[in-house]
file model35.txt (compact mmCIF, C-alpha atoms)
# COMPACT_ATOMS: atom_id res chain seq x y z
CA MET A 212 100.76 79.10 111.99
CA LYS A 213 101.10 78.04 115.62
CA GLU A 214 104.83 78.71 115.31
CA ALA A 215 104.12 82.13 113.83
CA ALA A 216 101.74 82.94 116.69
CA TYR A 217 104.38 81.86 119.19
CA LEU A 218 107.10 83.98 117.60
CA LEU A 219 104.85 87.03 117.48
CA SER A 220 103.62 86.59 121.04
CA GLU A 221 107.15 86.39 122.38
CA LYS A 222 107.89 89.81 120.84
CA ARG A 223 111.25 88.61 119.60
CA TYR A 224 110.29 88.93 115.95
CA THR A 225 108.50 91.48 113.82
CA VAL A 226 105.77 90.36 111.44
CA SER A 227 108.27 90.54 108.56
CA GLU A 228 110.92 88.56 110.42
CA THR A 229 108.35 85.94 111.40
CA GLY A 230 107.08 85.51 107.85
CA TYR A 231 110.56 85.19 106.42
CA ALA A 232 111.69 82.85 109.22
CA LEU A 233 108.85 80.50 108.33
CA GLY A 234 109.75 80.47 104.65
CA PHE A 235 107.28 82.99 103.23
CA THR A 236 108.71 85.22 100.53
CA ASN A 237 105.47 87.17 100.10
CA LEU A 238 104.41 88.87 103.33
CA SER A 239 100.93 89.61 102.02
CA HIS A 240 100.42 85.89 101.56
CA PHE A 241 101.77 85.20 105.06
CA SER A 242 99.35 87.76 106.50
CA LYS A 243 96.42 86.24 104.61
CA ILE A 244 97.21 82.68 105.72
CA PHE A 245 97.81 83.80 109.32
CA ASN A 246 94.46 85.60 109.31
CA GLU A 247 92.67 82.51 107.99
CA HIS A 248 94.16 80.27 110.70
CA ILE A 249 94.27 82.60 113.71
CA GLY A 250 91.37 84.94 112.96
CA MET A 251 93.29 88.22 112.95
CA LYS A 252 96.15 89.85 111.12
CA PRO A 253 99.67 89.18 112.43
CA LYS A 254 100.20 92.82 113.44
CA GLN A 255 96.96 92.83 115.44
CA TYR A 256 97.97 89.57 117.09
CA SER A 257 101.42 90.84 118.05
CA MET A 258 99.95 94.00 119.57
CA MET A 259 97.51 92.01 121.72
CA ASN A 260 100.18 89.85 123.33
call {"tool": "encode", "arguments": {"input": "model35.txt", "output": "structure tokens"}}
result
Amino acid sequence: MKEAAYLLSEKRYTVSETGYALGFTNLSHFSKIFNEHIGMKPKQYSMMN
């Protein structure tokens, strides 16, 4: 999830692109796991950075 946070913070990738790049085929699952590790949803995280 650190890699996902990095990709989202760099603004190079959308949430969908980040999830797929890290091997997730289900974006809902990616969002859930990201939220568990980082403490917020990927979209919220990308908008903060």
call {"tool": "atom_distance", "arguments": {"input": "model35.txt", "atom1": "CA of Asn237 in chain A", "atom2": "CA of Met258 in chain A"}}
result
21.4 Å
call {"tool": "residues_around", "arguments": {"input": "model35.txt", "residues": "Ile249 in chain A", "least_positions_apart": "6", "cutoff": "10 Å", "atoms": "all atoms listed in the file", "output": "JSON, numbers by chain"}}
result
{"A": [212, 213, 215, 216, 256]}
call {"tool": "atom_distance", "arguments": {"input": "model35.txt", "atom1": "CA of Tyr231 in chain A", "atom2": "CA of Leu218 in chain A"}}
result
11.8 Å
call {"tool": "residues_near_point", "arguments": {"input": "model35.txt", "point": "(106.4, 92.9, 109.4)", "cutoff": "10 Å", "atoms": "only C-alpha atoms", "output": "PyMOL selection string"}}
result
chain A and resi 224-231+238-239+241-242+253-254
call {"tool": "atom_distance", "arguments": {"input": "model35.txt", "atom1": "CA of Lys222 in chain A", "atom2": "CA of Phe245 in chain A"}}
result
16.4 Å
call {"tool": "axis_aligned_box", "arguments": {"input": "model35.txt", "around": "range 214-217 of chain A", "padding_each_side": "3 Å", "output": "AutoDock Vina command-line options"}}
result
--center_x 103.3 --center_y 80.8 --center_z 116.5 --size_x 9.1 --size_y 10.2 --size_z 11.4
call {"tool": "residues_around", "arguments": {"input": "model35.txt", "residues": "Asn260 in chain A", "least_positions_apart": "6", "cutoff": "9 Å", "atoms": "all atoms listed in the file", "output": "MDAnalysis selection string"}}
result
chainID A and resid 219:222
